[in-house]
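What follows is a set of notes on a single structure, which appears directly below.
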Amino acid sequence: MARNRVGVIGFPVEHSLSPVMHNAAFAALCMDDWLYDCMAIPPDILRLGLREPMQHGYIGLNVTVPHKEAIMNFVRADETAKAIGAVNTVDFRTGIGTNTDAAGLLNDLAANGIEIADRRVLVLGAGGAARAAVYGLARAGADVAIVNRTMKRARRLVEQLRYTADIDGAQVMTLDEAATWGMSLIINCTSVGLHPHPTQSPWIFGVPFPAGVTVYDMVYRPANTALMQQCVAHGGRAVGGLGMLARQGAIAFELWTGVEPPIEVMLAALRGALEEKGEG
Ligand code: ATR
């Protein structure tokens with residue numbers, strides 16, 4: 001049995017690509033005594049469910065839907081997790097919970113040569129993924145605007161980040177207003193367009209699509225979303241979100257193991273897993 005265990009908890013969690021990604025990394029680096037597995041833990045027994053892996057010597061965990069917020073009651077959230085209001089990575093050795101989503105996004109934007117400092121960046125969405133994005137982007141010096149189907153929720157996100165992270169200046173606008181705002185980058189943090197609804201787009205057909213912008217779509221199933229197609233059709237550049245998934249995982253990998261993550265191996269494992277599902 002592997003001596004060093006890590007894994008992901010969620011409910012459901014069987015669809016998670018994290019085991020494939022991390023175990024591919026362990027295999028590539030001949031880290032034979034490491035294993036990443038997944039555990040389905042219903043929300044009503046989260047505290048108990050956490051005790052199991054802790055008592056069985058797990059080094060740490062990734063945390064996914066629906067536990068990202070509730071788990072903050074049982075770990076010491078670091079500054080990033082507190083600001084974002086969610087934990088996606090726990091280290092049992094320290095009891096600290098952090099959130100690697102914002103850094104994963106920023107790292108992947110950088111890896112793709114997408115500049116954000118002093119640029120206008122439009123965030124689509126106002127859920128947990130959007131909160132991490134706005135936090136990371138604002139701290140990296142972007143001029144951020146948010147469009148969300150439910151405008152009230154976007155305003156609440158701005159209020160929360162002002163309170164939790166002292167972030168000021170993110171503005172809320174309508175999609176019509178955003179169309180002429182002059183952003184250089186649009187980041188989709190909604191679930192619109194996600195498999196099995198690949199023809200849907202968060203940029204409502206009928207609102208003129210800005211020419212020559214870059215789209216970063218956190219949706220990675222399918223690999224080429226309707227939003228990405230709209231962008232390219234209007235002379236822009238589109239990047240899918242698989243790299244963010246790999247890079248948020250890579251940060252956790254390094255935290256647990258102290259070893260530099262083999263990012264290309266992790267990306268290839270993700271692509272392979274999606275191809276196997278016929279969604280590559
Ligand atoms: P996550 O934690 O992954 O961000 P979430 O909190 O459920 O997930 O947020 C989902 C986001 O997708 C929200 O911004 C949501 O918009 P609302 O706040 O109006 O619900 C957005 N979203 C989901 N389905 C949508 C749809 N059909 N049209 C437009 N926006 C949608």
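Scheme for the structure tokens: letters A, B, ... for chains in order shown; per-chain residue numbers from 1; ligand numbers from 1 in order shown.
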Discussion item. Report as a VMD selection string all protein, DNA and RNA residues lying within 8 Å of stretch 265-267 of chain A, evaluated on only C-alpha atoms, omitting residues in the same chain fewer than 4 positions from it.
Written reply: chain A and resid 21 to 22 24 to 25 28 242 to 243 246 250 271
Worksheet item: Which chains and residue numbers are within 6 Å of ligand 1, counting only C-alpha atoms and all ligand atoms, if I want them as a VMD selection string?
Response: chain A and resid 125 to 130 148 to 150 153 190 to 192 202
Worksheet item: Taking only C-alpha atoms into account, which of A:Leu255, A:Leu274, A:Val13, A:Leu175 comes nearest A:Pro208?
Response: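 Answer, going by the shortest atom-to-atom distance: A:Leu175.
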Worksheet entry | Contact residues around A:Gly95 with only C-alpha atoms at 6 Å, ignoring same-chain residues under 2 positions, as a PyMOL selection string | chain A and resi 75-76+91-93
Pull N, CA, C and O atoms from the residues just selected and write them as a JSON list (two decimals), in the first residue's frame.
[["chain", "number", "residue", "atom", "x", "y", "z"],
["A", 75, "VAL", "N", -11.06, 23.50, 9.00],
["A", 75, "VAL", "CA", -9.62, 23.70, 8.76],
["A", 75, "VAL", "C", -9.28, 25.16, 9.05],
["A", 75, "VAL", "O", -10.18, 25.99, 9.23],
["A", 76, "ARG", "N", -7.97, 25.46, 9.11],
["A", 76, "ARG", "CA", -7.57, 26.86, 9.26],
["A", 76, "ARG", "C", -7.39, 27.46, 7.88],
["A", 76, "ARG", "O", -6.43, 27.14, 7.18],
["A", 91, "ASP", "N", -3.90, 20.73, 3.72],
["A", 91, "ASP", "CA", -2.69, 20.01, 4.13],
["A", 91, "ASP", "C", -2.91, 19.58, 5.59],
["A", 91, "ASP", "O", -2.96, 20.41, 6.48],
["A", 92, "PHE", "N", -3.06, 18.28, 5.81],
["A", 92, "PHE", "CA", -3.36, 17.80, 7.16],
["A", 92, "PHE", "C", -2.19, 18.00, 8.12],
["A", 92, "PHE", "O", -2.37, 18.03, 9.33],
["A", 93, "ARG", "N", -0.97, 18.11, 7.58],
["A", 93, "ARG", "CA", 0.20, 18.26, 8.45],
["A", 93, "ARG", "C", 0.18, 19.59, 9.18],
["A", 93, "ARG", "O", 0.69, 19.72, 10.29]]
Response to the item:
Restricting to only C-alpha atoms, whichever of A:Ala102, A:Ile71, A:Ala111, A:Leu157 is closest to A:Arg139 is A:Ala102
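Take atom CA of A:Thr174 and atom CA of A:Asp101: the distance between them is 25.4 Å.
Between A:Gln171 and the candidates A:Ile9, A:Cys189, A:Trp34, A:Met151, the tightest atom-to-atom separation, counting only C-alpha atoms, involves A:Met151.
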Taking the DSSP secondary structure from the backbone, can you list the residues of stretch 30-261 of chain A that are strand (DSSP E or B), as a PDB file with N, CA, C and O atoms, in the first residue's frame?
ATOM      1  N   TRP A  34       3.317   7.151  -3.528  1.00  0.00           N
ATOM      2  CA  TRP A  34       2.244   8.143  -3.480  1.00  0.00           C
ATOM      3  C   TRP A  34       1.030   7.629  -4.242  1.00  0.00           C
ATOM      4  O   TRP A  34       1.154   6.986  -5.273  1.00  0.00           O
ATOM      5  N   LEU A  35      -0.137   7.944  -3.723  1.00  0.00           N
ATOM      6  CA  LEU A  35      -1.385   7.548  -4.393  1.00  0.00           C
ATOM      7  C   LEU A  35      -2.436   8.632  -4.171  1.00  0.00           C
ATOM      8  O   LEU A  35      -2.548   9.193  -3.082  1.00  0.00           O
ATOM      9  N   TYR A  36      -3.209   8.906  -5.227  1.00  0.00           N
ATOM     10  CA  TYR A  36      -4.291   9.897  -5.158  1.00  0.00           C
ATOM     11  C   TYR A  36      -5.595   9.166  -5.435  1.00  0.00           C
ATOM     12  O   TYR A  36      -5.744   8.521  -6.467  1.00  0.00           O
ATOM     13  N   ASP A  37      -6.548   9.245  -4.523  1.00  0.00           N
ATOM     14  CA  ASP A  37      -7.831   8.595  -4.799  1.00  0.00           C
ATOM     15  C   ASP A  37      -8.997   9.540  -4.523  1.00  0.00           C
ATOM     16  O   ASP A  37      -8.800  10.674  -4.090  1.00  0.00           O
ATOM     17  N   CYS A  38     -10.201   9.078  -4.808  1.00  0.00           N
ATOM     18  CA  CYS A  38     -11.341   9.974  -4.593  1.00  0.00           C
ATOM     19  C   CYS A  38     -12.350   9.364  -3.638  1.00  0.00           C
ATOM     20  O   CYS A  38     -12.542   8.153  -3.593  1.00  0.00           O
ATOM     21  N   MET A  39     -12.926  10.241  -2.826  1.00  0.00           N
ATOM     22  CA  MET A  39     -13.843   9.811  -1.779  1.00  0.00           C
ATOM     23  C   MET A  39     -15.141  10.603  -1.858  1.00  0.00           C
ATOM     24  O   MET A  39     -15.130  11.833  -1.765  1.00  0.00           O
ATOM     25  N   ALA A  40     -16.238   9.875  -2.006  1.00  0.00           N
ATOM     26  CA  ALA A  40     -17.548  10.537  -2.020  1.00  0.00           C
ATOM     27  C   ALA A  40     -18.014  10.710  -0.580  1.00  0.00           C
ATOM     28  O   ALA A  40     -18.172   9.722   0.143  1.00  0.00           O
ATOM     29  N   TYR A  58      -3.536  10.336   5.657  1.00  0.00           N
ATOM     30  CA  TYR A  58      -3.490  11.124   4.419  1.00  0.00           C
ATOM     31  C   TYR A  58      -2.680  12.393   4.650  1.00  0.00           C
ATOM     32  O   TYR A  58      -2.765  13.019   5.710  1.00  0.00           O
ATOM     33  N   ILE A  59      -1.917  12.773   3.641  1.00  0.00           N
ATOM     34  CA  ILE A  59      -1.129  14.005   3.707  1.00  0.00           C
ATOM     35  C   ILE A  59      -2.045  15.219   3.530  1.00  0.00           C
ATOM     36  O   ILE A  59      -1.890  16.242   4.203  1.00  0.00           O
ATOM     37  N   GLY A  60      -2.961  15.096   2.608  1.00  0.00           N
ATOM     38  CA  GLY A  60      -3.860  16.220   2.345  1.00  0.00           C
ATOM     39  C   GLY A  60      -4.939  15.835   1.366  1.00  0.00           C
ATOM     40  O   GLY A  60      -4.997  14.696   0.900  1.00  0.00           O
ATOM     41  N   LEU A  61      -5.794  16.800   1.060  1.00  0.00           N
ATOM     42  CA  LEU A  61      -6.931  16.541   0.187  1.00  0.00           C
ATOM     43  C   LEU A  61      -7.204  17.719  -0.726  1.00  0.00           C
ATOM     44  O   LEU A  61      -6.921  18.867  -0.369  1.00  0.00           O
ATOM     45  N   ASN A  62      -7.778  17.407  -1.878  1.00  0.00           N
ATOM     46  CA  ASN A  62      -8.476  18.432  -2.643  1.00  0.00           C
ATOM     47  C   ASN A  62      -9.947  18.361  -2.237  1.00  0.00           C
ATOM     48  O   ASN A  62     -10.443  17.314  -1.830  1.00  0.00           O
ATOM     49  N   VAL A  63     -10.600  19.483  -2.363  1.00  0.00           N
ATOM     50  CA  VAL A  63     -11.994  19.587  -1.952  1.00  0.00           C
ATOM     51  C   VAL A  63     -12.784  20.140  -3.120  1.00  0.00           C
ATOM     52  O   VAL A  63     -12.402  21.150  -3.713  1.00  0.00           O
ATOM     53  N   ARG A  76      -7.971  25.459   9.107  1.00  0.00           N
ATOM     54  CA  ARG A  76      -7.569  26.862   9.261  1.00  0.00           C
ATOM     55  C   ARG A  76      -7.394  27.461   7.877  1.00  0.00           C
ATOM     56  O   ARG A  76      -6.434  27.140   7.179  1.00  0.00           O
ATOM     57  N   ALA A  77      -8.355  28.272   7.460  1.00  0.00           N
ATOM     58  CA  ALA A  77      -8.282  28.854   6.116  1.00  0.00           C
ATOM     59  C   ALA A  77      -7.175  29.899   6.070  1.00  0.00           C
ATOM     60  O   ALA A  77      -7.075  30.739   6.971  1.00  0.00           O
ATOM     61  N   THR A  89      -7.924  23.024  -1.270  1.00  0.00           N
ATOM     62  CA  THR A  89      -6.765  22.184  -0.965  1.00  0.00           C
ATOM     63  C   THR A  89      -6.468  22.238   0.532  1.00  0.00           C
ATOM     64  O   THR A  89      -6.409  23.332   1.103  1.00  0.00           O
ATOM     65  N   VAL A  90      -6.290  21.060   1.130  1.00  0.00           N
ATOM     66  CA  VAL A  90      -6.000  20.990   2.559  1.00  0.00           C
ATOM     67  C   VAL A  90      -4.692  20.242   2.760  1.00  0.00           C
ATOM     68  O   VAL A  90      -4.405  19.270   2.060  1.00  0.00           O
ATOM     69  N   ASP A  91      -3.898  20.725   3.719  1.00  0.00           N
ATOM     70  CA  ASP A  91      -2.690  20.009   4.131  1.00  0.00           C
ATOM     71  C   ASP A  91      -2.911  19.577   5.588  1.00  0.00           C
ATOM     72  O   ASP A  91      -2.961  20.414   6.484  1.00  0.00           O
ATOM     73  N   ILE A  96      -3.969  23.495   7.519  1.00  0.00           N
ATOM     74  CA  ILE A  96      -4.307  24.700   6.758  1.00  0.00           C
ATOM     75  C   ILE A  96      -5.043  24.346   5.468  1.00  0.00           C
ATOM     76  O   ILE A  96      -4.700  23.394   4.768  1.00  0.00           O
ATOM     77  N   GLY A  97      -6.077  25.150   5.190  1.00  0.00           N
ATOM     78  CA  GLY A  97      -6.800  25.024   3.930  1.00  0.00           C
ATOM     79  C   GLY A  97      -6.511  26.240   3.068  1.00  0.00           C
ATOM     80  O   GLY A  97      -6.527  27.367   3.556  1.00  0.00           O
ATOM     81  N   THR A  98      -6.242  25.999   1.797  1.00  0.00           N
ATOM     82  CA  THR A  98      -5.978  27.124   0.905  1.00  0.00           C
ATOM     83  C   THR A  98      -6.839  26.995  -0.340  1.00  0.00           C
ATOM     84  O   THR A  98      -7.663  26.082  -0.459  1.00  0.00           O
ATOM     85  N   ARG A 120      -8.147  45.762 -19.332  1.00  0.00           N
ATOM     86  CA  ARG A 120      -9.554  45.569 -18.974  1.00  0.00           C
ATOM     87  C   ARG A 120      -9.920  44.106 -19.174  1.00  0.00           C
ATOM     88  O   ARG A 120      -9.758  43.566 -20.276  1.00  0.00           O
ATOM     89  N   VAL A 121     -10.383  43.491 -18.106  1.00  0.00           N
ATOM     90  CA  VAL A 121     -10.737  42.072 -18.163  1.00  0.00           C
ATOM     91  C   VAL A 121     -12.187  41.904 -17.730  1.00  0.00           C
ATOM     92  O   VAL A 121     -12.588  42.374 -16.664  1.00  0.00           O
ATOM     93  N   LEU A 122     -12.972  41.243 -18.582  1.00  0.00           N
ATOM     94  CA  LEU A 122     -14.381  41.006 -18.272  1.00  0.00           C
ATOM     95  C   LEU A 122     -14.561  39.591 -17.740  1.00  0.00           C
ATOM     96  O   LEU A 122     -14.169  38.618 -18.404  1.00  0.00           O
ATOM     97  N   VAL A 123     -15.143  39.479 -16.556  1.00  0.00           N
ATOM     98  CA  VAL A 123     -15.438  38.177 -15.962  1.00  0.00           C
ATOM     99  C   VAL A 123     -16.920  37.878 -16.167  1.00  0.00           C
ATOM    100  O   VAL A 123     -17.777  38.681 -15.798  1.00  0.00           O
ATOM    101  N   LEU A 124     -17.215  36.728 -16.762  1.00  0.00           N
ATOM    102  CA  LEU A 124     -18.600  36.296 -16.922  1.00  0.00           C
ATOM    103  C   LEU A 124     -18.912  35.305 -15.804  1.00  0.00           C
ATOM    104  O   LEU A 124     -18.248  34.267 -15.704  1.00  0.00           O
ATOM    105  N   ASP A 143      -8.026  45.648 -14.558  1.00  0.00           N
ATOM    106  CA  ASP A 143      -9.208  46.479 -14.373  1.00  0.00           C
ATOM    107  C   ASP A 143     -10.402  45.559 -14.672  1.00  0.00           C
ATOM    108  O   ASP A 143     -10.611  45.187 -15.832  1.00  0.00           O
ATOM    109  N   VAL A 144     -11.131  45.145 -13.625  1.00  0.00           N
ATOM    110  CA  VAL A 144     -12.083  44.042 -13.771  1.00  0.00           C
ATOM    111  C   VAL A 144     -13.533  44.523 -13.813  1.00  0.00           C
ATOM    112  O   VAL A 144     -13.937  45.378 -13.022  1.00  0.00           O
ATOM    113  N   ALA A 145     -14.305  43.954 -14.735  1.00  0.00           N
ATOM    114  CA  ALA A 145     -15.757  44.145 -14.740  1.00  0.00           C
ATOM    115  C   ALA A 145     -16.418  42.770 -14.731  1.00  0.00           C
ATOM    116  O   ALA A 145     -15.840  41.790 -15.209  1.00  0.00           O
ATOM    117  N   ILE A 146     -17.621  42.726 -14.161  1.00  0.00           N
ATOM    118  CA  ILE A 146     -18.334  41.455 -14.029  1.00  0.00           C
ATOM    119  C   ILE A 146     -19.704  41.559 -14.685  1.00  0.00           C
ATOM    120  O   ILE A 146     -20.431  42.533 -14.459  1.00  0.00           O
ATOM    121  N   VAL A 147     -20.036  40.541 -15.475  1.00  0.00           N
ATOM    122  CA  VAL A 147     -21.387  40.405 -16.024  1.00  0.00           C
ATOM    123  C   VAL A 147     -21.933  39.082 -15.512  1.00  0.00           C
ATOM    124  O   VAL A 147     -21.251  38.062 -15.603  1.00  0.00           O
ATOM    125  N   GLN A 171     -16.181  46.446 -11.219  1.00  0.00           N
ATOM    126  CA  GLN A 171     -17.504  46.994 -11.497  1.00  0.00           C
ATOM    127  C   GLN A 171     -18.435  45.951 -12.094  1.00  0.00           C
ATOM    128  O   GLN A 171     -17.993  44.984 -12.690  1.00  0.00           O
ATOM    129  N   VAL A 172     -19.726  46.183 -11.888  1.00  0.00           N
ATOM    130  CA  VAL A 172     -20.740  45.267 -12.408  1.00  0.00           C
ATOM    131  C   VAL A 172     -21.420  45.954 -13.584  1.00  0.00           C
ATOM    132  O   VAL A 172     -21.753  47.135 -13.497  1.00  0.00           O
ATOM    133  N   LEU A 185      -9.647  41.015 -22.697  1.00  0.00           N
ATOM    134  CA  LEU A 185      -9.797  39.601 -22.305  1.00  0.00           C
ATOM    135  C   LEU A 185     -11.167  39.368 -21.670  1.00  0.00           C
ATOM    136  O   LEU A 185     -11.628  40.177 -20.858  1.00  0.00           O
ATOM    137  N   ILE A 186     -11.798  38.252 -22.069  1.00  0.00           N
ATOM    138  CA  ILE A 186     -13.051  37.813 -21.448  1.00  0.00           C
ATOM    139  C   ILE A 186     -12.781  36.448 -20.816  1.00  0.00           C
ATOM    140  O   ILE A 186     -12.244  35.554 -21.482  1.00  0.00           O
ATOM    141  N   ILE A 187     -13.149  36.306 -19.543  1.00  0.00           N
ATOM    142  CA  ILE A 187     -12.953  35.002 -18.891  1.00  0.00           C
ATOM    143  C   ILE A 187     -14.327  34.436 -18.524  1.00  0.00           C
ATOM    144  O   ILE A 187     -15.076  35.059 -17.761  1.00  0.00           O
ATOM    145  N   ASN A 188     -14.641  33.286 -19.083  1.00  0.00           N
ATOM    146  CA  ASN A 188     -15.920  32.670 -18.743  1.00  0.00           C
ATOM    147  C   ASN A 188     -15.790  31.843 -17.481  1.00  0.00           C
ATOM    148  O   ASN A 188     -15.108  30.817 -17.459  1.00  0.00           O
ATOM    149  N   THR A 214      -9.409  38.357 -26.585  1.00  0.00           N
ATOM    150  CA  THR A 214      -9.038  36.998 -26.194  1.00  0.00           C
ATOM    151  C   THR A 214     -10.116  36.455 -25.262  1.00  0.00           C
ATOM    152  O   THR A 214     -10.601  37.187 -24.392  1.00  0.00           O
ATOM    153  N   VAL A 215     -10.512  35.217 -25.478  1.00  0.00           N
ATOM    154  CA  VAL A 215     -11.431  34.542 -24.556  1.00  0.00           C
ATOM    155  C   VAL A 215     -10.678  33.434 -23.839  1.00  0.00           C
ATOM    156  O   VAL A 215      -9.964  32.642 -24.468  1.00  0.00           O
ATOM    157  N   TYR A 216     -10.817  33.405 -22.505  1.00  0.00           N
ATOM    158  CA  TYR A 216     -10.331  32.263 -21.736  1.00  0.00           C
ATOM    159  C   TYR A 216     -11.574  31.604 -21.144  1.00  0.00           C
ATOM    160  O   TYR A 216     -12.290  32.227 -20.345  1.00  0.00           O
ATOM    161  N   ASP A 217     -11.846  30.373 -21.543  1.00  0.00           N
ATOM    162  CA  ASP A 217     -13.069  29.703 -21.087  1.00  0.00           C
ATOM    163  C   ASP A 217     -12.715  28.644 -20.050  1.00  0.00           C
ATOM    164  O   ASP A 217     -12.030  27.659 -20.361  1.00  0.00           O
ATOM    165  N   ARG A 237      -8.729  35.413 -30.172  1.00  0.00           N
ATOM    166  CA  ARG A 237      -7.975  34.210 -29.808  1.00  0.00           C
ATOM    167  C   ARG A 237      -8.695  33.534 -28.645  1.00  0.00           C
ATOM    168  O   ARG A 237      -9.104  34.230 -27.694  1.00  0.00           O
ATOM    169  N   ALA A 238      -8.846  32.218 -28.697  1.00  0.00           N
ATOM    170  CA  ALA A 238      -9.587  31.518 -27.648  1.00  0.00           C
ATOM    171  C   ALA A 238      -8.730  30.433 -27.003  1.00  0.00           C
ATOM    172  O   ALA A 238      -8.042  29.686 -27.693  1.00  0.00           O
ATOM    173  N   VAL A 239      -8.787  30.378 -25.679  1.00  0.00           N
ATOM    174  CA  VAL A 239      -8.031  29.380 -24.921  1.00  0.00           C
ATOM    175  C   VAL A 239      -9.000  28.664 -23.977  1.00  0.00           C
ATOM    176  O   VAL A 239      -9.760  29.318 -23.258  1.00  0.00           O
ATOM    177  N   GLY A 240      -8.980  27.349 -23.981  1.00  0.00           N
ATOM    178  CA  GLY A 240      -9.846  26.559 -23.094  1.00  0.00           C
ATOM    179  C   GLY A 240      -9.219  26.408 -21.711  1.00  0.00           C
ATOM    180  O   GLY A 240      -8.034  26.684 -21.516  1.00  0.00           O
TER     181      GLY A 240
END
Item to complete: Find, counting only C-alpha atoms, the residue in A:Ser184, A:Ser18, A:Asn88, A:Thr64 that gets nearest to A:Glu115.
Response: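 Closest to A:Glu115 of all the choices is A:Ser184.
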Practice prompt. Give the answer as one residue: which of A:Val207, A:Ala233, A:Ile167, A:Leu137 has the shortest atom-to-atom distance to A:Ala110, using only C-alpha atoms?
Written response: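 With only C-alpha atoms as the atom set, the closest residue is A:Leu137.
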Nearby residues (only C-alpha atoms) at most 6 Å from A:Ala226, same-chain spacing under 2 positions excluded, as a PDB file with N, CA, C and O atoms, in the first residue's frame:
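Output file selection14.pdb is given in full below:
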ATOM      1  N   THR A 199     -23.814  23.852 -27.307  1.00  0.00           N
ATOM      2  CA  THR A 199     -24.185  24.940 -28.230  1.00  0.00           C
ATOM      3  C   THR A 199     -24.513  26.226 -27.478  1.00  0.00           C
ATOM      4  O   THR A 199     -24.693  27.277 -28.085  1.00  0.00           O
ATOM      5  N   SER A 201     -23.984  29.545 -25.076  1.00  0.00           N
ATOM      6  CA  SER A 201     -22.889  30.480 -24.816  1.00  0.00           C
ATOM      7  C   SER A 201     -23.331  31.524 -23.801  1.00  0.00           C
ATOM      8  O   SER A 201     -24.473  31.988 -23.844  1.00  0.00           O
ATOM      9  N   MET A 228     -15.911  30.133 -27.386  1.00  0.00           N
ATOM     10  CA  MET A 228     -14.596  30.174 -28.041  1.00  0.00           C
ATOM     11  C   MET A 228     -14.770  30.303 -29.557  1.00  0.00           C
ATOM     12  O   MET A 228     -14.032  31.041 -30.221  1.00  0.00           O
ATOM     13  N   GLN A 229     -15.772  29.630 -30.092  1.00  0.00           N
ATOM     14  CA  GLN A 229     -16.025  29.710 -31.537  1.00  0.00           C
ATOM     15  C   GLN A 229     -16.486  31.114 -31.933  1.00  0.00           C
ATOM     16  O   GLN A 229     -16.060  31.648 -32.963  1.00  0.00           O
TER      17      GLN A 229
END
Item to complete: Please identify all polymer residues within 8 Å of A:Val65, counting only C-alpha atoms, omitting same-chain residues fewer than 4 positions from it, and present them as a list in words.
Response: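 Listed by chain and then number, they are Gly10, Phe11 and Pro12 of chain A.
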Create the file for the chosen residues now, containing C-alpha atoms and written as a short mmCIF file (atom, residue, chain, number, x, y, z; two decimals), in the first residue's frame.
data_model
loop_
_atom_site.label_atom_id
_atom_site.label_comp_id
_atom_site.auth_asym_id
_atom_site.auth_seq_id
_atom_site.Cartn_x
_atom_site.Cartn_y
_atom_site.Cartn_z
CA GLY A 10 -16.77 15.75 -3.07
CA PHE A 11 -20.31 14.54 -3.67
CA PRO A 12 -20.55 13.23 -6.29
#
Practice prompt. Return the single residue from A:Leu270, A:Val158, A:Arg51, A:Met244 that is closest to A:Phe74, with distances computed using only C-alpha atoms.
Written response: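 Of A:Leu270, A:Val158, A:Arg51, A:Met244, the one nearest A:Phe74, counting only C-alpha atoms, is A:Arg51.
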Item to complete: Quote the spacing between atom CA of A:Leu29 and atom CA of A:Ala252 in Å to one decimal place.
Response: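 That distance, rounded to one decimal, is 15.9 Å.
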Practice prompt. Write out as a PyMOL selection string all residues of stretch 100-245 of chain A that DSSP puts in helix (DSSP H, G or I) for this structure's backbone.
Written response: chain A and resi 101-111+128-139+151-165+175-179+226-233+242-245
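When atom CA of A:Gly212 is paired with atom CA of A:Ala170, their separation reads 22.9 Å.
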